[in-house]
$ cat my_file24.txt   # compact mmCIF, C-alpha atoms and all ligand atoms
# COMPACT_ATOMS: atom_id res chain seq x y z
CA MET P 3 -2.47 -22.78 -2.06
CA ASP P 4 0.12 -22.75 0.68
CA PHE P 5 2.44 -19.90 1.59
CA VAL P 6 6.13 -20.20 2.46
CA SER P 7 8.63 -18.07 4.35
CA THR P 8 11.21 -16.09 2.36
CA ARG P 9 13.82 -17.61 4.68
CA ASP P 10 12.76 -21.23 4.42
CA ASN P 11 10.53 -22.56 1.68
CA ASN P 12 9.97 -25.80 3.54
CA GLN P 13 8.02 -23.88 6.15
CA LYS P 14 4.52 -24.02 4.63
CA VAL P 15 1.42 -22.47 6.15
CA SER P 16 -2.19 -21.96 5.07
CA ILE P 17 -3.45 -18.55 4.03
CA LYS P 18 -5.26 -18.34 7.38
CA GLU P 19 -2.03 -18.78 9.34
CA ALA P 20 -0.16 -16.41 7.05
CA LEU P 21 -2.82 -13.76 7.68
CA LEU P 22 -2.89 -14.17 11.44
CA ASN P 23 0.87 -14.52 11.94
CA GLY P 24 1.80 -11.56 9.72
CA LEU P 25 5.48 -12.50 9.95
CA ALA P 26 6.74 -16.11 9.60
CA LYS P 27 8.15 -17.79 12.74
CA ASP P 28 11.70 -17.56 11.38
CA GLY P 29 11.33 -13.80 10.86
CA GLY P 30 10.82 -14.10 7.09
CA LEU P 31 7.86 -12.86 5.09
CA TYR P 32 5.20 -15.06 3.56
CA VAL P 33 5.11 -15.50 -0.21
CA PRO P 34 2.85 -17.70 -2.37
CA GLU P 35 4.35 -21.16 -2.77
CA ILE P 36 3.97 -20.75 -6.53
CA LEU P 37 2.79 -17.88 -8.68
CA PRO P 38 0.22 -19.39 -11.04
CA LYS P 39 0.91 -18.69 -14.74
CA ILE P 40 -2.06 -17.19 -16.51
CA VAL P 41 -3.46 -17.50 -20.02
CA LEU P 42 -3.98 -13.91 -21.06
CA ALA P 43 -6.94 -14.73 -23.32
CA ASP P 44 -8.89 -15.96 -20.27
CA PHE P 45 -8.45 -12.58 -18.65
CA ILE P 46 -9.12 -10.54 -21.77
CA LYS P 47 -12.54 -12.25 -21.77
CA GLN P 48 -13.45 -10.94 -18.30
CA ASN P 49 -15.94 -8.15 -18.81
CA THR P 50 -15.66 -6.22 -15.59
CA PHE P 51 -12.90 -5.33 -13.19
CA LEU P 52 -14.67 -7.31 -10.47
CA ASP P 53 -14.83 -10.51 -12.51
CA PHE P 54 -11.20 -10.03 -13.48
CA ALA P 55 -10.15 -9.53 -9.84
CA LYS P 56 -12.08 -12.58 -8.64
CA ALA P 57 -10.47 -14.78 -11.32
CA LEU P 58 -6.99 -13.49 -10.53
CA LEU P 59 -7.29 -14.01 -6.77
CA ALA P 60 -9.11 -17.36 -6.82
CA PRO P 61 -6.00 -19.62 -7.03
CA PHE P 62 -4.50 -17.99 -3.92
CA PHE P 63 -7.56 -18.86 -1.83
CA LYS P 64 -8.37 -22.24 -3.35
CA ASN P 65 -9.14 -24.97 -0.80
CA SER P 66 -9.15 -22.47 2.06
CA LEU P 67 -12.01 -21.35 4.26
CA PHE P 68 -12.12 -18.13 2.22
CA GLU P 69 -12.73 -19.81 -1.14
CA LYS P 70 -16.53 -19.49 -1.21
CA LYS P 71 -16.58 -15.99 0.26
CA LEU P 72 -13.95 -14.57 -2.09
CA PRO P 73 -16.43 -13.08 -4.60
CA LEU P 74 -18.26 -11.24 -1.83
CA ILE P 75 -15.00 -10.05 -0.24
CA CYS P 76 -13.96 -8.63 -3.63
CA GLU P 77 -17.32 -6.90 -4.13
CA GLN P 78 -17.13 -5.22 -0.73
CA ALA P 79 -13.46 -4.28 -0.97
CA PHE P 80 -13.35 -2.96 -4.54
CA ASN P 81 -16.36 -0.68 -4.31
CA PHE P 82 -14.84 2.47 -5.79
CA ASP P 83 -13.50 3.51 -9.20
CA ILE P 84 -9.89 2.95 -10.19
CA PRO P 85 -9.75 4.68 -13.58
CA LEU P 86 -6.86 4.95 -16.05
CA GLU P 87 -6.52 8.21 -17.89
CA GLU P 88 -4.07 9.57 -20.48
CA VAL P 89 -2.45 12.73 -19.13
CA ASP P 90 0.03 13.27 -21.94
CA THR P 91 1.35 11.26 -24.88
CA ASN P 92 2.46 7.89 -23.50
CA THR P 93 1.88 9.04 -19.91
CA PHE P 94 -1.10 7.54 -18.11
CA PHE P 95 -2.42 8.05 -14.58
CA LEU P 96 -3.88 5.18 -12.59
CA SER P 97 -5.99 6.95 -9.98
CA LEU P 98 -5.92 5.01 -6.72
CA ASN P 99 -7.20 7.96 -4.70
CA ARG P 100 -10.96 7.36 -4.87
CA GLY P 101 -11.43 5.06 -1.87
CA PRO P 102 -12.96 6.09 1.46
CA THR P 103 -9.68 7.48 2.84
CA LEU P 104 -8.33 8.63 -0.53
CA SER P 105 -5.21 6.46 -0.85
CA PHE P 106 -4.41 3.13 -2.53
CA LYS P 107 -4.13 1.61 0.95
CA ASP P 108 -7.94 1.42 1.03
CA VAL P 109 -7.77 -1.51 -1.40
CA GLY P 110 -5.54 -3.69 0.77
CA ALA P 111 -7.13 -2.66 4.06
CA ARG P 112 -10.69 -3.30 2.84
CA PHE P 113 -9.76 -6.68 1.41
CA LEU P 114 -7.96 -7.66 4.63
CA ALA P 115 -11.01 -6.60 6.64
CA GLY P 116 -13.16 -8.89 4.48
CA LEU P 117 -10.84 -11.83 5.16
CA PHE P 118 -10.82 -11.19 8.91
CA LYS P 119 -14.60 -11.00 8.92
CA VAL P 120 -14.74 -14.56 7.56
CA LEU P 121 -12.45 -15.75 10.38
CA ASN P 122 -15.09 -14.52 12.83
CA GLN P 123 -12.73 -14.39 15.82
CA ASN P 124 -12.21 -11.86 18.57
CA LEU P 125 -9.08 -10.00 17.53
CA THR P 126 -7.18 -6.85 18.33
CA ILE P 127 -5.32 -5.25 15.47
CA ILE P 128 -2.54 -2.88 16.37
CA VAL P 129 -1.06 -0.58 13.79
CA ALA P 130 1.45 2.27 13.84
CA THR P 131 0.93 4.93 11.21
CA SER P 132 2.57 7.97 9.70
CA GLY P 133 -0.70 8.72 7.92
CA ASP P 134 -2.37 6.63 5.24
CA THR P 135 -2.19 3.12 6.73
CA GLY P 136 -3.92 4.07 9.95
CA SER P 137 -6.80 5.82 8.22
CA ALA P 138 -7.33 3.05 5.67
CA VAL P 139 -7.34 0.35 8.37
CA ALA P 140 -9.56 2.41 10.72
CA SER P 141 -12.09 3.03 7.96
CA ALA P 142 -12.05 -0.57 6.69
CA PHE P 143 -12.64 -2.11 10.13
CA SER P 144 -14.98 0.56 11.54
CA GLY P 145 -18.14 -1.04 12.97
CA TYR P 146 -16.79 -4.61 13.17
CA THR P 147 -18.06 -5.87 16.51
CA ASN P 148 -15.48 -8.55 17.31
CA ILE P 149 -12.41 -6.69 16.07
CA LYS P 150 -10.81 -3.86 17.96
CA VAL P 151 -8.30 -1.66 16.16
CA ILE P 152 -5.64 0.34 17.97
CA VAL P 153 -4.07 3.02 15.79
CA LEU P 154 -0.92 4.65 17.13
CA PHE P 155 0.08 7.92 15.52
CA PRO P 156 2.67 10.56 16.51
CA LYS P 157 0.79 13.44 18.15
CA ASP P 158 0.85 16.66 16.11
CA LYS P 159 3.20 15.12 13.54
CA ILE P 160 0.71 14.06 10.89
CA ALA P 161 -1.46 16.26 8.68
CA LYS P 162 -4.71 17.48 10.35
CA ARG P 163 -6.70 15.90 7.55
CA GLN P 164 -4.94 12.58 7.98
CA GLU P 165 -5.66 12.78 11.69
CA ALA P 166 -9.37 13.41 11.07
CA GLN P 167 -9.43 10.25 8.97
CA ILE P 168 -8.05 8.23 11.88
CA THR P 169 -10.08 9.67 14.73
CA GLY P 170 -13.58 9.98 13.29
CA PHE P 171 -14.75 6.34 13.33
CA ASP P 172 -16.79 3.86 15.40
CA LYS P 173 -16.16 2.74 18.97
CA ASN P 174 -14.17 -0.32 17.92
CA ILE P 175 -11.44 1.97 16.57
CA LEU P 176 -9.14 3.32 19.28
CA PRO P 177 -6.88 6.10 18.01
CA LEU P 178 -3.99 6.89 20.33
CA ALA P 179 -1.92 10.05 19.93
CA VAL P 180 1.59 9.13 21.07
CA LEU P 181 3.84 11.83 22.52
CA GLY P 182 6.73 10.93 20.26
CA THR P 183 7.69 10.13 16.68
CA PHE P 184 6.49 7.55 14.17
CA ASP P 185 9.46 5.38 15.15
CA ASP P 186 8.24 5.47 18.78
CA CYS P 187 4.84 4.24 17.57
CA GLN P 188 6.47 1.40 15.67
CA ASP P 189 8.59 0.47 18.67
CA LEU P 190 5.46 0.36 20.81
CA VAL P 191 3.83 -2.08 18.39
CA LYS P 192 6.90 -4.30 18.47
CA GLU P 193 6.95 -4.17 22.25
CA ALA P 194 3.25 -5.03 22.47
CA PHE P 195 3.91 -8.15 20.38
CA SER P 196 6.86 -9.15 22.54
CA HIS P 197 4.72 -9.42 25.70
CA GLN P 198 3.28 -12.86 25.26
CA SER P 199 0.52 -12.67 27.86
CA PHE P 200 -0.63 -9.29 26.52
CA ARG P 201 -0.54 -10.65 23.02
CA GLU P 202 -2.56 -13.72 23.91
CA THR P 203 -5.15 -11.99 26.09
CA LEU P 204 -5.94 -9.46 23.39
CA HIS P 205 -5.51 -11.88 20.45
CA LEU P 206 -3.17 -9.35 18.95
CA THR P 207 -2.54 -9.28 15.22
CA SER P 208 -1.14 -6.74 12.78
CA ALA P 209 -2.31 -5.08 9.60
CA ASN P 210 0.87 -3.55 8.28
CA SER P 211 2.11 -3.84 4.73
CA ILE P 212 3.98 -7.08 5.33
CA ASN P 213 0.60 -8.82 5.70
CA ILE P 214 0.00 -10.97 2.63
CA GLY P 215 -3.70 -10.15 2.81
CA ARG P 216 -2.93 -6.58 1.83
CA LEU P 217 -0.51 -7.39 -0.98
CA LEU P 218 -2.51 -9.90 -3.00
CA PRO P 219 -5.43 -7.56 -3.81
CA GLN P 220 -3.01 -4.87 -5.02
CA MET P 221 -2.16 -7.08 -7.98
CA THR P 222 -5.70 -6.83 -9.33
CA TYR P 223 -5.84 -3.29 -10.71
CA LEU P 224 -2.27 -3.45 -12.03
CA ALA P 225 -3.04 -6.67 -13.89
CA TYR P 226 -6.42 -5.40 -15.08
CA TRP P 227 -5.17 -2.12 -16.52
CA SER P 228 -2.07 -3.62 -18.12
CA THR P 229 -4.35 -6.15 -19.83
CA ARG P 230 -6.81 -3.51 -21.06
CA PHE P 231 -3.91 -1.36 -22.19
CA TYR P 232 -2.39 -4.24 -24.12
CA GLN P 233 -5.74 -4.92 -25.77
CA SER P 234 -6.01 -1.30 -26.92
CA TYR P 235 -2.43 -0.55 -27.92
CA GLN P 236 -0.68 -3.95 -28.31
CA LYS P 237 2.05 -2.63 -26.04
CA LYS P 238 3.05 -3.49 -22.49
CA PRO P 239 2.93 -0.37 -20.31
CA GLY P 240 5.75 0.29 -17.85
CA MET P 241 4.70 1.00 -14.25
CA ILE P 242 6.16 3.80 -12.13
CA VAL P 243 5.42 3.11 -8.48
CA PRO P 244 5.92 5.67 -5.68
CA SER P 245 7.52 3.38 -3.11
CA GLY P 246 8.36 3.13 0.56
CA ASN P 247 8.08 -0.37 1.97
CA LEU P 248 7.84 -1.82 -1.57
CA GLY P 249 4.53 -3.60 -1.01
CA HIS P 250 3.02 -2.03 -4.09
CA MET P 251 6.03 -2.90 -6.25
CA THR P 252 6.04 -6.47 -4.94
CA ALA P 253 2.42 -6.83 -6.06
CA CYS P 254 3.31 -5.34 -9.44
CA PHE P 255 6.25 -7.70 -9.85
CA TRP P 256 4.11 -10.72 -8.95
CA ALA P 257 1.46 -9.69 -11.49
CA LYS P 258 4.16 -9.49 -14.15
CA GLN P 259 5.56 -12.89 -13.13
CA MET P 260 2.10 -14.39 -13.51
CA GLY P 261 2.14 -13.30 -17.14
CA PHE P 262 0.20 -10.05 -17.22
CA PRO P 263 1.50 -7.67 -19.91
CA ILE P 264 3.47 -5.28 -17.74
CA GLY P 265 6.57 -3.61 -19.20
CA GLU P 266 9.37 -1.94 -17.28
CA LEU P 267 9.16 -1.80 -13.48
CA VAL P 268 10.23 1.55 -12.08
CA ILE P 269 10.53 2.41 -8.39
CA ALA P 270 10.29 6.07 -7.41
CA THR P 271 11.46 6.82 -3.89
CA ASN P 272 11.79 10.11 -2.03
CA ALA P 273 15.12 11.25 -0.55
CA ASN P 274 15.43 8.00 1.42
CA GLN P 275 18.13 6.35 -0.67
CA THR P 276 18.63 2.85 0.71
CA LEU P 277 17.52 1.29 -2.59
CA SER P 278 19.23 3.67 -5.01
CA HIS P 279 22.48 3.20 -3.07
CA TYR P 280 22.05 -0.53 -3.33
CA ILE P 281 21.59 -0.45 -7.10
CA SER P 282 24.59 1.83 -7.63
CA SER P 283 26.93 0.20 -5.10
CA GLY P 284 25.76 -3.40 -4.70
CA GLN P 285 25.66 -2.92 -0.93
CA TYR P 286 22.38 -3.11 0.93
CA LYS P 287 22.57 -0.85 3.98
CA PRO P 288 19.31 -0.01 5.74
CA GLN P 289 19.28 3.59 6.96
CA LYS P 290 17.34 5.55 9.52
CA ALA P 291 14.36 7.10 7.74
CA ILE P 292 14.58 10.81 7.02
CA PRO P 293 11.41 12.95 6.92
CA THR P 294 10.33 14.19 3.48
CA LEU P 295 7.26 15.78 1.88
CA ALA P 296 6.14 12.31 0.73
CA ASN P 297 5.82 11.08 4.32
CA ALA P 298 4.12 7.75 3.61
CA MET P 299 7.33 6.77 1.80
CA ASP P 300 9.73 7.76 4.60
CA VAL P 301 11.31 4.34 4.94
CA GLY P 302 14.97 3.52 5.44
CA ALA P 303 14.63 -0.27 5.60
CA PRO P 304 11.91 -1.30 3.11
CA SER P 305 10.18 -4.30 4.65
CA ASN P 306 9.15 -5.95 1.38
CA PHE P 307 12.66 -5.85 -0.07
CA GLU P 308 13.05 -9.37 1.26
CA ARG P 309 10.16 -10.56 -0.92
CA LEU P 310 11.70 -9.06 -4.05
CA GLN P 311 15.08 -10.56 -3.18
CA TYR P 312 13.49 -13.96 -2.70
CA ALA P 313 12.24 -13.82 -6.30
CA LEU P 314 15.38 -12.12 -7.63
CA PRO P 315 18.13 -13.68 -5.55
CA THR P 316 21.21 -12.30 -7.31
CA PHE P 317 22.22 -8.66 -7.52
CA ASP P 318 22.21 -8.78 -11.33
CA SER P 319 18.74 -10.30 -11.57
CA LEU P 320 17.36 -7.62 -9.28
CA LYS P 321 19.18 -4.83 -11.06
CA ASN P 322 17.91 -6.02 -14.43
CA ALA P 323 14.32 -6.37 -13.27
CA LEU P 324 13.90 -3.03 -11.50
CA GLN P 325 14.85 0.58 -12.10
CA ILE P 326 15.18 2.79 -9.05
CA PHE P 327 15.17 6.59 -8.81
CA SER P 328 15.40 8.79 -5.74
CA VAL P 329 13.57 12.14 -5.84
CA SER P 330 14.39 15.14 -3.62
CA ASP P 331 11.84 17.34 -1.86
CA LYS P 332 12.81 20.18 -4.18
CA ALA P 333 12.00 18.06 -7.23
CA ILE P 334 8.70 17.04 -5.62
CA GLU P 335 7.73 20.70 -5.16
CA GLU P 336 8.73 21.63 -8.69
CA THR P 337 6.76 18.73 -10.12
CA ILE P 338 3.63 19.68 -8.15
CA ILE P 339 3.88 23.21 -9.60
CA ASP P 340 4.68 21.91 -13.08
CA TYR P 341 1.70 19.54 -13.20
CA PHE P 342 -0.62 22.27 -12.08
CA LYS P 343 0.70 24.68 -14.72
CA ARG P 344 0.74 22.17 -17.54
CA TYR P 345 -2.38 20.11 -16.82
CA ARG P 346 -4.31 21.98 -14.09
CA ARG P 347 -3.93 18.81 -12.01
CA PHE P 348 -3.41 18.65 -8.26
CA ILE P 349 -0.97 15.86 -7.47
CA CYS P 350 0.10 14.66 -4.03
CA PRO P 351 3.81 14.62 -3.03
CA HIS P 352 3.98 10.80 -3.40
CA THR P 353 2.52 10.82 -6.88
CA ALA P 354 4.89 13.68 -7.72
CA THR P 355 7.93 11.42 -7.24
CA ALA P 356 6.63 9.14 -10.00
CA CYS P 357 5.71 12.07 -12.26
CA PHE P 358 9.22 13.44 -11.87
CA VAL P 359 10.76 10.07 -12.77
CA ARG P 360 8.51 9.79 -15.81
CA GLU P 361 10.26 12.79 -17.37
CA SER P 362 13.60 10.98 -17.38
CA LEU P 363 12.25 7.89 -19.18
CA SER P 364 11.75 7.43 -22.92
CA LYS P 365 8.81 9.38 -24.34
CA ASP P 366 8.44 6.68 -27.01
CA LYS P 367 7.34 4.10 -24.48
CA PRO P 368 4.05 4.12 -22.57
CA PHE P 369 4.22 4.42 -18.79
CA ILE P 370 1.54 4.22 -16.14
CA VAL P 371 2.11 6.51 -13.16
CA LEU P 372 0.45 5.27 -9.98
CA GLU P 373 -1.45 8.08 -8.28
CA THR P 374 -1.18 6.67 -4.76
CA ALA P 375 -3.06 9.31 -2.75
CA ASP P 376 -5.27 12.33 -3.23
CA SER P 377 -3.80 15.82 -3.12
CA VAL P 378 -6.53 17.03 -0.76
CA LYS P 379 -4.89 15.15 2.14
CA PHE P 380 -1.75 17.24 1.67
CA ASP P 381 -3.30 20.69 1.26
CA THR P 382 -0.79 22.33 3.60
CA ILE P 383 2.07 21.31 1.31
CA ILE P 384 0.42 21.85 -2.07
CA GLU P 385 -1.77 24.94 -1.72
CA PRO P 386 1.06 27.38 -0.87
CA LEU P 387 3.05 26.11 -3.88
CA ILE P 388 0.35 26.76 -6.44
CA ASP P 389 -1.67 29.44 -4.65
CA GLU P 390 -4.92 27.60 -5.29
CA THR P 391 -7.47 25.83 -3.04
CA ILE P 392 -8.03 22.11 -3.50
CA PRO P 393 -11.75 21.25 -3.28
CA VAL P 394 -12.62 19.00 -0.30
CA PRO P 395 -14.73 15.92 -1.06
CA GLU P 396 -17.93 15.42 0.95
CA ALA P 397 -16.75 12.32 2.87
CA LEU P 398 -13.68 14.15 4.17
CA SER P 399 -15.53 17.31 5.13
CA VAL P 400 -17.92 15.20 7.23
CA LEU P 401 -14.95 13.76 9.12
CA LEU P 402 -13.34 17.17 9.50
CA LYS P 403 -16.48 18.52 11.17
CA LYS P 404 -16.60 15.80 13.82
CA ASN P 405 -15.65 16.76 17.34
CA VAL P 406 -13.25 14.16 18.61
CA THR P 407 -11.55 13.90 21.95
CA GLN P 408 -8.01 12.61 21.75
CA THR P 409 -6.51 9.98 23.99
CA VAL P 410 -2.87 10.89 24.45
CA ILE P 411 -0.28 8.42 25.72
CA GLU P 412 3.40 8.52 26.63
CA PRO P 413 5.65 6.55 24.28
CA ASN P 414 5.99 3.55 26.58
CA PHE P 415 4.31 0.19 27.02
CA SER P 416 2.85 0.88 30.48
CA SER P 417 0.90 3.89 29.11
CA LEU P 418 -0.42 1.75 26.26
CA LYS P 419 -1.39 -1.01 28.64
CA ALA P 420 -3.10 1.43 30.98
CA VAL P 421 -5.54 2.72 28.34
CA LEU P 422 -6.43 -0.81 27.26
CA SER P 423 -7.33 -2.20 30.65
C1 LIG P 501 2.07 3.69 1.60
C2 LIG P 501 2.19 4.66 0.52
C3 LIG P 501 3.19 4.56 -0.47
C4 LIG P 501 4.26 3.50 -0.42
O1 LIG P 501 3.76 2.22 -0.71
P1 LIG P 501 4.66 0.92 -0.38
O2 LIG P 501 3.78 -0.23 -0.73
O3 LIG P 501 5.00 0.99 1.08
O4 LIG P 501 5.88 1.00 -1.23
C5 LIG P 501 3.19 5.48 -1.51
N1 LIG P 501 2.28 6.48 -1.57
C6 LIG P 501 1.31 6.61 -0.63
C7 LIG P 501 0.34 7.73 -0.77
C8 LIG P 501 1.22 5.72 0.43
O5 LIG P 501 0.27 5.88 1.36

$ encode --input "my_file24.txt" --output "structure tokens" --more "lines below"
Ligand SMILES: *Cc1c(COP(=O)(O)O)cnc(C)c1O
Amino acid sequence: MDFVSTRDNNQKVSIKEALLNGLAKDGGLYVPEILPKIVLADFIKQNTFLDFAKALLAPFFKNSLFEKKLPLICEQAFNFDIPLEEVDTNTFFLSLNRGPTLSFKDVGARFLAGLFKVLNQNLTIIVATSGDTGSAVASAFSGYTNIKVIVLFPKDKIAKRQEAQITGFDKNILPLAVLGTFDDCQDLVKEAFSHQSFRETLHLTSANSINIGRLLPQMTYLAYWSTRFYQSYQKKPGMIVPSGNLGHMTACFWAKQMGFPIGELVIATNANQTLSHYISSGQYKPQKAIPTLANAMDVGAPSNFERLQYALPTFDSLKNALQIFSVSDKAIEETIIDYFKRYRRFICPHTATACFVRESLSKDKPFIVLETADSVKFDTIIEPLIDETIPVPEALSVLLKKNVTQTVIEPNFSSLKAVLS
């Protein structure tokens, strides 16, 4: 299959080019040339999640250099549980917090790492992070000999536990604490890409959520669980997705377009209201991101919006396909307390946005809430609210015990360049 730019569908590239370029030459994002339509019975027959995932992803990698390796890439990427559990009548939790760095981003990052391994090239991946992306990418690529990963994070502005998950890995992972904000980190990445000689010498590439290699695998568990759900209850479950850059929702939308039995699509955002303003006013105005408790969703200009708009080009089509709710920090805190009181469950601030939205939707319809990260990463927010200690899993406590020395840089390109030479 070929991939086209959202800005020009005559501009076709192979999956390999789409992966390495990240962004299309015209500034658009890559989307599959066509979304294959499935026969549900073929997928109902698949016995395991792995077989299901391999069958779903196969058409996207057909006739590419990844085709033969796809089964192995899936086996190595999807090596942890993604269970669905009923929390209350018609409310289900899809737990995406069981990967090595305890967020759903492990799925995309591990799959992307598998693809890059097949390319077998010397590459430098540069990524700016406000938390979960950096740790998932660092963990997924740790130990790869021909790939170096530079992770830029704002010094002292991310949770200590998130930081431990970025800094505790092999030599090929270079964590850099930037004396600035997350926006400064992102600007540094952009600047690094704009210096052509730097970019070429290092074979620079990116691993952020616009990369198609991270989006495609996210369809698998959404498609799998909607299919199993439909088999059990003969109903299509709605999906409530805690969203920032809309990568997860794009994957969910694509899975639905392919014919998987997914019901209503619901976007939960934090107090960043670019999307809810758009739906209520018809005007799309990107904003500067404001910091919230759900920091991985602090996005004022959602990068994957362009992919959704490509598939839903008119305002009405988009408005009819998606529901959007914005959730305040106060509501996040109340929901964390409420879930603990009602169900003895620890939920992270991101998941809490979706749980809050669930309450305003019909109780007669089934909804799946995506649990996008584990509460243990956000102990400093959650524990004071519920006056309870969240148990720390073994893998994280190992990382927390490591003694790491930090490399600190100024928020400018010459400081970045200096540590790399
Ligand atoms: C990245 C992230 C999100 C937002 O996902 P998008 O694909 O950017 O919409 C939500 N929750 C958590 C925990 C995340 O790390």

$ residues_near_ligand --input "my_file24.txt" --ligand "ligand LIG 501 (chain P)" --cutoff "8 Å" --atoms "all atoms listed in the file" --output "list in words"
Ser105, Phe106, Lys107, Gly133, Asp134, Thr135, Ser211, Val243, Pro244, Ser245, Gly246, Asn247, Leu248, Gly249, His250, Met251, Thr252, Ala296, Ala298, Met299, Pro304, Cys350, His352, Thr353, Glu373, Thr374, Ala375 and Asp376 of chain P

$ residues_around --input "my_file24.txt" --residues "Leu104 of chain P" --least-positions-apart "4" --cutoff "8 Å" --atoms "only C-alpha atoms" --output "list of chain:residue names"
P:Leu98, P:Asn99, P:Arg100, P:Asp108, P:Ala375, P:Asp376, P:Lys379

$ residues_around --input "my_file24.txt" --residues "Phe317 of chain P" --least-positions-apart "5" --cutoff "9 Å" --atoms "all atoms listed in the file" --output "list in words"
Ile281, Gly284, Gln311 and Asn322 of chain P

$ atom_distance --input "my_file24.txt" --atom1 "atom CA of Phe415 of chain P" --atom2 "atom CA of Gln164 of chain P"
24.5 Å

$ atom_distance --input "my_file24.txt" --atom1 "atom CA of Ala140 of chain P" --atom2 "atom CA of Ile152 of chain P"
8.5 Å

$ closest_residue --input "my_file24.txt" --among "P:Lys157, P:Lys192, P:Lys18, P:Lys39" --to "Ile411 of chain P" --atoms "only C-alpha atoms"
P:Lys157

$ closest_residue --input "my_file24.txt" --among "P:Ile212, P:Thr294, P:Leu363, P:Phe155" --to "Ala26 of chain P" --atoms "only C-alpha atoms"
P:Ile212

$ atom_distance --input "my_file24.txt" --atom1 "atom CA of Ile128 of chain P" --atom2 "atom CA of Glu19 of chain P"
17.4 Å

$ closest_residue --input "my_file24.txt" --among "P:Tyr345, P:Phe369, P:Trp256, P:Trp227" --to "Pro34 of chain P" --atoms "all atoms listed in the file"
P:Trp256

$ closest_residue --input "my_file24.txt" --among "P:Leu402, P:Ile339, P:Ala303, P:Val6" --to "Pro288 of chain P" --atoms "all atoms listed in the file"
P:Ala303

$ residues_around --input "my_file24.txt" --residues "Asn272 of chain P" --least-positions-apart "6" --cutoff "6 Å" --atoms "all atoms listed in the file" --output "PyMOL selection string"
chain P and resi 328-330

$ write_last_selection --input "my_file24.txt" --atoms "C-alpha atoms" --output "mmCIF file, keeping the file's coordinate frame"
data_model
loop_
_atom_site.group_PDB
_atom_site.id
_atom_site.type_symbol
_atom_site.label_atom_id
_atom_site.label_comp_id
_atom_site.auth_asym_id
_atom_site.auth_seq_id
_atom_site.Cartn_x
_atom_site.Cartn_y
_atom_site.Cartn_z
ATOM 1 C CA SER P 328 15.400 8.790 -5.740
ATOM 2 C CA VAL P 329 13.570 12.140 -5.840
ATOM 3 C CA SER P 330 14.390 15.140 -3.620
#

$ residues_near_point --input "my_file24.txt" --point "(-14.2, -5.8, 2.6)" --cutoff "6 Å" --atoms "all atoms listed in the file" --output "NGL selection string"
:P and (75 or 78-79 or 112-113 or 115-116)

$ residues_around --input "my_file24.txt" --residues "Leu52 of chain P" --least-positions-apart "4" --cutoff "10 Å" --atoms "only C-alpha atoms" --output "PDB file with C-alpha atoms, in the coordinates of the input"
ATOM      1  CA  GLN P  48     -13.450 -10.940 -18.300  1.00  0.00           C
ATOM      2  CA  LYS P  56     -12.080 -12.580  -8.640  1.00  0.00           C
ATOM      3  CA  ALA P  57     -10.470 -14.780 -11.320  1.00  0.00           C
ATOM      4  CA  LEU P  58      -6.990 -13.490 -10.530  1.00  0.00           C
ATOM      5  CA  PRO P  73     -16.430 -13.080  -4.600  1.00  0.00           C
ATOM      6  CA  CYS P  76     -13.960  -8.630  -3.630  1.00  0.00           C
ATOM      7  CA  GLU P  77     -17.320  -6.900  -4.130  1.00  0.00           C
ATOM      8  CA  PHE P  80     -13.350  -2.960  -4.540  1.00  0.00           C
ATOM      9  CA  ASN P  81     -16.360  -0.680  -4.310  1.00  0.00           C
ATOM     10  CA  THR P 222      -5.700  -6.830  -9.330  1.00  0.00           C
ATOM     11  CA  TYR P 223      -5.840  -3.290 -10.710  1.00  0.00           C
ATOM     12  CA  TYR P 226      -6.420  -5.400 -15.080  1.00  0.00           C
TER      13      TYR P 226
END

$ residues_around --input "my_file24.txt" --residues "Cys187 of chain P" --least-positions-apart "5" --cutoff "10 Å" --atoms "all atoms listed in the file" --output "list in words"
Val129, Ala130, Thr131, Ser132, Val153, Leu154, Phe155, Pro156, Leu178, Ala179, Val180, Leu181, Gly182, Lys192, Glu193, Pro413 and Asn414 of chain P
